$ cat data_14.tsv   # TSV, C-alpha atoms and all ligand atoms
chain	number	residue	atom	x	y	z
A	150	MET	CA	69.98	169.27	18.28
A	151	ALA	CA	67.15	170.30	15.97
A	152	ASP	CA	67.46	167.49	13.44
A	153	GLY	CA	68.85	164.57	15.43
A	154	TYR	CA	72.11	163.62	17.06
A	155	ILE	CA	75.73	163.43	15.99
A	156	VAL	CA	77.40	160.25	17.13
A	157	GLN	CA	81.18	160.24	17.34
A	158	ALA	CA	83.26	157.27	18.53
A	159	GLY	CA	85.59	158.03	21.41
A	160	SER	CA	87.36	154.67	21.58
A	161	SER	CA	88.28	151.73	19.39
A	162	LYS	CA	85.41	149.81	20.98
A	163	GLY	CA	83.05	152.61	19.92
A	164	LYS	CA	84.46	152.59	16.39
A	165	ARG	CA	83.89	148.85	16.16
A	166	PHE	CA	80.33	149.33	17.38
A	167	LEU	CA	79.63	152.05	14.83
A	168	SER	CA	81.00	150.05	11.92
A	169	ALA	CA	79.11	146.94	13.03
A	170	HIS	CA	75.88	148.97	12.95
A	171	ALA	CA	76.71	151.29	10.07
A	172	ALA	CA	73.29	150.75	8.51
A	173	LEU	CA	71.70	152.63	11.44
A	174	PHE	CA	73.70	155.82	10.82
A	175	GLY	CA	73.65	158.30	7.96
A	176	ASP	CA	75.93	161.13	6.84
A	177	VAL	CA	75.92	164.19	9.10
A	178	PRO	CA	74.33	167.22	7.36
A	179	ASP	CA	76.53	170.34	7.29
A	180	ALA	CA	73.83	172.35	9.11
A	181	LEU	CA	74.09	169.99	12.06
A	182	LEU	CA	77.87	170.42	12.22
A	183	VAL	CA	77.44	174.20	12.20
A	184	GLU	CA	74.88	173.94	15.01
A	185	ARG	CA	77.26	171.72	17.01
A	186	ASP	CA	80.15	174.17	16.62
A	187	LYS	CA	77.91	177.07	17.68
A	188	SER	CA	76.79	175.19	20.80
A	189	ARG	CA	80.40	174.33	21.67
A	190	ASP	CA	81.48	177.97	21.26
A	191	ALA	CA	78.61	179.14	23.45
A	192	VAL	CA	79.53	176.66	26.21
A	193	GLN	CA	83.20	177.60	25.95
A	194	GLU	CA	82.33	181.29	26.32
A	195	GLN	CA	80.06	180.59	29.28
A	196	LEU	CA	82.83	178.55	30.95
A	197	GLU	CA	85.42	181.24	30.42
A	198	ARG	CA	83.07	183.89	31.85
A	199	ALA	CA	82.20	181.78	34.89
A	200	ASN	CA	85.85	180.97	35.63
A	201	ALA	CA	87.45	184.29	34.74
A	202	ASP	CA	88.47	184.88	38.37
A	203	PHE	CA	90.05	181.46	38.75
A	204	GLU	CA	92.65	181.40	36.00
A	205	LEU	CA	95.70	179.48	37.25
A	206	THR	CA	99.23	180.75	36.70
A	207	ALA	CA	100.74	177.36	37.59
A	208	ARG	CA	99.76	173.84	36.64
A	209	ALA	CA	97.31	172.37	39.16
A	210	PRO	CA	99.42	169.25	40.01
A	211	GLU	CA	102.49	171.39	40.79
A	212	ALA	CA	100.46	173.98	42.68
A	213	VAL	CA	98.87	171.31	44.90
A	214	GLU	CA	102.05	169.31	45.50
A	215	GLN	CA	104.19	172.36	46.25
A	216	GLY	CA	101.41	173.81	48.39
A	217	TYR	CA	101.23	170.80	50.69
A	218	GLU	CA	102.10	172.94	53.72
A	219	SER	CA	99.81	175.82	52.70
A	220	ASP	CA	97.36	177.21	55.26
A	221	VAL	CA	94.67	177.31	52.58
A	222	PHE	CA	93.44	173.80	53.39
A	223	ASP	CA	92.70	174.56	57.04
A	224	GLU	CA	91.34	178.01	56.22
A	225	ARG	CA	88.97	176.89	53.46
A	226	ALA	CA	87.87	173.78	55.37
A	227	GLU	CA	86.66	175.92	58.27
A	228	THR	CA	83.18	176.07	56.75
A	229	CYS	CA	83.08	172.43	55.61
A	230	VAL	CA	80.13	170.61	57.15
A	231	GLU	CA	81.36	167.14	56.17
A	232	CYS	CA	78.27	166.47	54.04
A	233	GLN	CA	80.50	164.64	51.49
A	234	ALA	CA	78.46	166.02	48.59
A	235	CYS	CA	81.64	167.10	46.76
A	236	THR	CA	82.84	163.52	46.50
A	237	ARG	CA	79.43	161.90	45.98
A	238	VAL	CA	78.65	163.95	42.87
A	239	CYS	CA	82.17	163.88	41.43
A	240	PRO	CA	82.30	161.71	38.28
A	241	THR	CA	85.86	160.60	39.05
A	242	CYS	CA	85.63	159.86	42.80
A	243	HIS	CA	85.53	156.10	43.16
A	244	CYS	CA	86.76	155.20	46.67
A	245	PHE	CA	84.90	152.45	48.49
A	246	TYR	CA	85.08	150.41	51.65
A	247	LEU	CA	84.28	146.79	52.44
A	248	TYR	CA	81.91	145.96	55.23
A	249	ASP	CA	81.22	142.54	56.73
A	250	THR	CA	77.63	141.96	57.71
A	251	LYS	CA	75.85	139.04	59.37
A	252	GLN	CA	72.44	138.27	57.90
A	253	GLN	CA	70.02	135.61	59.15
A	254	ASP	CA	71.40	132.79	57.04
A	255	TYR	CA	74.64	134.11	55.55
A	256	PHE	CA	77.56	136.45	56.06
A	257	GLY	CA	77.77	139.18	53.46
A	258	LYS	CA	80.67	141.34	52.37
A	259	MET	CA	79.23	144.66	51.22
A	260	LYS	CA	81.08	147.06	48.96
A	261	MET	CA	80.00	150.58	49.80
A	262	TRP	CA	80.83	153.86	48.11
A	263	ASP	CA	82.96	155.97	50.44
A	264	SER	CA	84.14	159.56	50.76
A	265	CYS	CA	87.56	160.82	51.82
A	266	MET	CA	85.82	163.85	53.36
A	267	ARG	CA	84.23	161.55	55.95
A	268	VAL	CA	86.01	161.52	59.32
A	269	GLY	CA	86.13	157.72	59.55
A	270	TYR	CA	87.55	157.26	56.06
A	271	ALA	CA	91.18	157.06	57.10
A	272	ALA	CA	90.56	155.49	60.52
A	273	VAL	CA	92.50	152.29	61.18
A	274	ALA	CA	92.10	149.42	63.60
A	275	GLY	CA	93.32	150.48	67.03
A	276	GLY	CA	91.64	153.88	66.77
A	277	GLY	CA	94.30	155.87	64.92
A	278	ASN	CA	93.23	158.39	62.31
A	279	PRO	CA	95.80	160.37	60.31
A	280	ARG	CA	93.18	162.73	58.86
A	281	GLN	CA	91.00	163.75	61.75
A	282	LEU	CA	91.04	167.42	60.76
A	283	LEU	CA	88.90	168.67	57.90
A	284	GLY	CA	91.81	170.62	56.44
A	285	ASP	CA	93.86	167.41	56.21
A	286	ARG	CA	90.99	165.72	54.42
A	287	LEU	CA	90.61	168.61	51.96
A	288	ARG	CA	94.36	168.44	51.26
A	289	HIS	CA	94.17	164.71	50.73
A	290	ARG	CA	91.23	165.09	48.34
A	291	LEU	CA	93.23	167.48	46.18
A	292	MET	CA	96.46	165.47	46.48
A	293	HIS	CA	94.63	162.36	45.27
A	294	LYS	CA	92.95	164.20	42.40
A	295	PHE	CA	95.90	166.18	41.14
A	296	VAL	CA	99.10	164.52	42.38
A	297	TYR	CA	98.83	160.81	43.25
A	298	PHE	CA	96.58	159.92	40.31
A	299	MET	CA	98.77	161.95	37.97
A	300	GLU	CA	101.89	160.12	39.20
A	301	ARG	CA	100.26	156.74	38.65
A	302	TYR	CA	98.31	157.24	35.45
A	303	GLY	CA	99.61	160.43	33.80
A	304	VAL	CA	96.28	162.31	34.01
A	305	ASP	CA	94.69	164.26	36.81
A	306	MET	CA	91.37	163.25	38.25
A	307	CYS	CA	89.33	166.38	37.63
A	308	VAL	CA	87.33	166.84	34.42
A	309	GLY	CA	86.33	170.37	35.38
A	310	CYS	CA	82.60	169.59	35.44
A	311	GLY	CA	81.94	171.91	38.39
A	312	ARG	CA	79.52	169.47	40.06
A	313	CYS	CA	81.36	169.72	43.39
A	314	VAL	CA	80.98	173.51	43.23
A	315	ASP	CA	77.23	173.25	42.58
A	316	ALA	CA	76.71	170.68	45.31
A	317	GLU	CA	78.75	172.61	47.88
A	318	ALA	CA	77.04	172.97	51.23
A	319	GLY	CA	79.96	174.54	53.05
A	320	ASP	CA	81.39	177.16	50.65
A	321	VAL	CA	84.55	175.16	49.95
A	322	ASP	CA	85.00	175.96	46.26
A	323	ILE	CA	87.78	173.82	44.74
A	324	ARG	CA	88.55	176.65	42.28
A	325	VAL	CA	89.28	179.05	45.13
A	326	VAL	CA	91.68	176.54	46.72
A	327	LEU	CA	93.47	175.85	43.43
A	328	LYS	CA	93.73	179.56	42.61
A	329	ARG	CA	95.24	180.32	46.00
A	330	LEU	CA	97.77	177.46	45.69
A	331	SER	CA	98.66	178.57	42.18
A	332	ASP	CA	99.15	182.18	43.31
A	333	GLU	CA	101.29	181.03	46.26
A	334	LEU	CA	103.50	178.96	43.96
A	335	THR	CA	103.85	181.80	41.47
A	336	ASP	CA	104.75	184.23	44.28
A	337	LYS	CA	107.34	181.76	45.60
A	338	GLY	CA	108.86	181.54	42.10
A	339	LYS	CA	109.03	185.32	41.87
A	340	ALA	CA	110.69	185.57	45.29
A	341	VAL	CA	113.33	182.98	44.28
A	342	ALA	CA	113.97	184.80	40.98
A	343	LYS	CA	114.42	188.08	42.88
A	344	ARG	CA	116.95	186.53	45.31
A	345	ALA	CA	118.90	185.06	42.37
A	346	LYS	CA	119.40	188.52	40.77
B	401	LIG	S1	80.59	169.46	49.79
B	401	LIG	FE1	81.71	171.08	50.88
B	401	LIG	S2	80.88	171.01	52.93
B	401	LIG	FE2	80.37	169.04	51.98
B	401	LIG	S3	82.13	167.69	52.53
B	401	LIG	FE3	82.59	168.60	50.52
B	401	LIG	S4	83.87	170.38	51.05
B	401	LIG	FE4	82.78	169.79	52.93
B	402	LIG	S1	85.04	169.75	39.10
B	402	LIG	FE1	86.57	168.10	39.32
B	402	LIG	S2	86.58	167.62	41.51
B	402	LIG	FE2	84.68	168.78	41.10
B	402	LIG	S3	83.11	167.23	40.70
B	402	LIG	FE3	83.98	167.78	38.70
B	402	LIG	S4	85.63	166.29	38.35
B	402	LIG	FE4	85.11	166.21	40.54
$ encode --input "data_14.tsv" --output "structure tokens"
Amino acid sequence: MADGYIVQAGSSKGKRFLSAHAALFGDVPDALLVERDKSRDAVQEQLERANADFELTARAPEAVEQGYESDVFDERAETCVECQACTRVCPTCHCFYLYDTKQQDYFGKMKMWDSCMRVGYAAVAGGGNPRQLLGDRLRHRLMHKFVYFMERYGVDMCVGCGRCVDAEAGDVDIRVVLKRLSDELTDKGKAVAKRAK
């Protein structure tokens, strides 16, 4: 911003930090607040324009869970090149694997960042792999983000940043998948309502 930054605490820890260092901060001038609101409105407008074609008619967690058997996962994953970029840039993806390694004078256990879009991710000892197909991996990625995490923690695991869309190498846009699942769920609902009449 033109005349500095606005600092706002987002947690009790942040509030404690701000009050412990209150001498470093001054009152926010009104002009700065106006500038902030203008910037937020501009971003909001840009977001709405960019996502106008992807408005969901159902909630994402329901659409993904109810769409478990949908063909959309296999269809959209057809162009996936397994580069894993979607999961590497995602701010909420956090899966890892542990790897034992023998060095010259010690044995090390390495913790490595992993990706559920990688073929070996779900492989188990003995050679089995429940998610060999790319479509199954795409489904799992969405199930984890929108269903399993929601069940466990009450929030979904997508902040809507769009990084996975920007990083896409294989034209597998998460918005397209969600829109299709949402439309399929809405159509199912309409069909049920029709039968009930
Ligand atoms: S970024 Fe696209 S192409 Fe790469 S693994 Fe993810 S879905 Fe597949
Ligand atoms: S839009 Fe969602 S899934 Fe994609 S990178 Fe951002 S948080 Fe991750």
$ residues_near_ligand --input "data_14.tsv" --ligand "ligand LIG 401 (chain B)" --cutoff "6 Å" --atoms "all atoms listed in the file" --output "PDB file with C-alpha atoms, in the frame of the given file"
ATOM      1  CA  CYS A 229      83.080 172.430  55.610  1.00  0.00           C
ATOM      2  CA  VAL A 230      80.130 170.610  57.150  1.00  0.00           C
ATOM      3  CA  GLU A 231      81.360 167.140  56.170  1.00  0.00           C
ATOM      4  CA  CYS A 232      78.270 166.470  54.040  1.00  0.00           C
ATOM      5  CA  GLN A 233      80.500 164.640  51.490  1.00  0.00           C
ATOM      6  CA  ALA A 234      78.460 166.020  48.590  1.00  0.00           C
ATOM      7  CA  CYS A 235      81.640 167.100  46.760  1.00  0.00           C
ATOM      8  CA  MET A 266      85.820 163.850  53.360  1.00  0.00           C
ATOM      9  CA  GLU A 317      78.750 172.610  47.880  1.00  0.00           C
ATOM     10  CA  ALA A 318      77.040 172.970  51.230  1.00  0.00           C
ATOM     11  CA  GLY A 319      79.960 174.540  53.050  1.00  0.00           C
ATOM     12  CA  VAL A 321      84.550 175.160  49.950  1.00  0.00           C
TER      13      VAL A 321
END
$ residues_near_ligand --input "data_14.tsv" --ligand "ligand LIG 402 (chain B)" --cutoff "7 Å" --atoms "all atoms listed in the file" --output "list in words"
Cys235, Thr236, Val238, Cys239, Pro240, Thr241, Cys242, Met306, Cys307, Val308, Gly309, Cys310, Gly311, Arg312, Cys313, Val314 and Ile323 of chain A
$ closest_residue --input "data_14.tsv" --among "A:Leu167, A:Gly175, A:Pro210, A:Gly216" --to "Glu300 of chain A" --atoms "all atoms listed in the file"
A:Pro210
$ residues_around --input "data_14.tsv" --residues "Glu218 of chain A" --least-positions-apart "6" --cutoff "12 Å" --atoms "only C-alpha atoms" --output "ChimeraX atom specification"
/A:212,284-285,288-289,292,330,333-334
$ atom_distance --input "data_14.tsv" --atom1 "atom CA of Phe174 of chain A" --atom2 "atom CA of Ser188 of chain A"
22.0 Å
$ atom_distance --input "data_14.tsv" --atom1 "atom CA of Arg225 of chain A" --atom2 "atom CA of Asp320 of chain A"
8.1 Å
$ atom_distance --input "data_14.tsv" --atom1 "atom CA of Val325 of chain A" --atom2 "atom CA of Val192 of chain A"
21.4 Å
$ closest_residue --input "data_14.tsv" --among "A:Arg280, A:Val296, A:Leu287, A:Arg324" --to "Thr228 of chain A" --atoms "only C-alpha atoms"
A:Leu287
$ residues_around --input "data_14.tsv" --residues "Thr206 of chain A" --least-positions-apart "5" --cutoff "8 Å" --atoms "all atoms listed in the file" --output "PDB file with C-alpha atoms, in the coordinates of the input"
ATOM      1  CA  SER A 331      98.660 178.570  42.180  1.00  0.00           C
ATOM      2  CA  ASP A 332      99.150 182.180  43.310  1.00  0.00           C
ATOM      3  CA  THR A 335     103.850 181.800  41.470  1.00  0.00           C
TER       4      THR A 335
END
$ residues_around --input "data_14.tsv" --residues "Glu184 of chain A" --least-positions-apart "5" --cutoff "12 Å" --atoms "only C-alpha atoms" --output "PyMOL selection string"
chain A and resi 150-155+177-179+189-191
$ write_last_selection --input "data_14.tsv" --atoms "C-alpha atoms" --output "JSON list (two decimals), in the frame of the given file"
[["chain", "number", "residue", "atom", "x", "y", "z"],
["A", 150, "MET", "CA", 69.98, 169.27, 18.28],
["A", 151, "ALA", "CA", 67.15, 170.30, 15.97],
["A", 152, "ASP", "CA", 67.46, 167.49, 13.44],
["A", 153, "GLY", "CA", 68.85, 164.57, 15.43],
["A", 154, "TYR", "CA", 72.11, 163.62, 17.06],
["A", 155, "ILE", "CA", 75.73, 163.43, 15.99],
["A", 177, "VAL", "CA", 75.92, 164.19, 9.10],
["A", 178, "PRO", "CA", 74.33, 167.22, 7.36],
["A", 179, "ASP", "CA", 76.53, 170.34, 7.29],
["A", 189, "ARG", "CA", 80.40, 174.33, 21.67],
["A", 190, "ASP", "CA", 81.48, 177.97, 21.26],
["A", 191, "ALA", "CA", 78.61, 179.14, 23.45]]
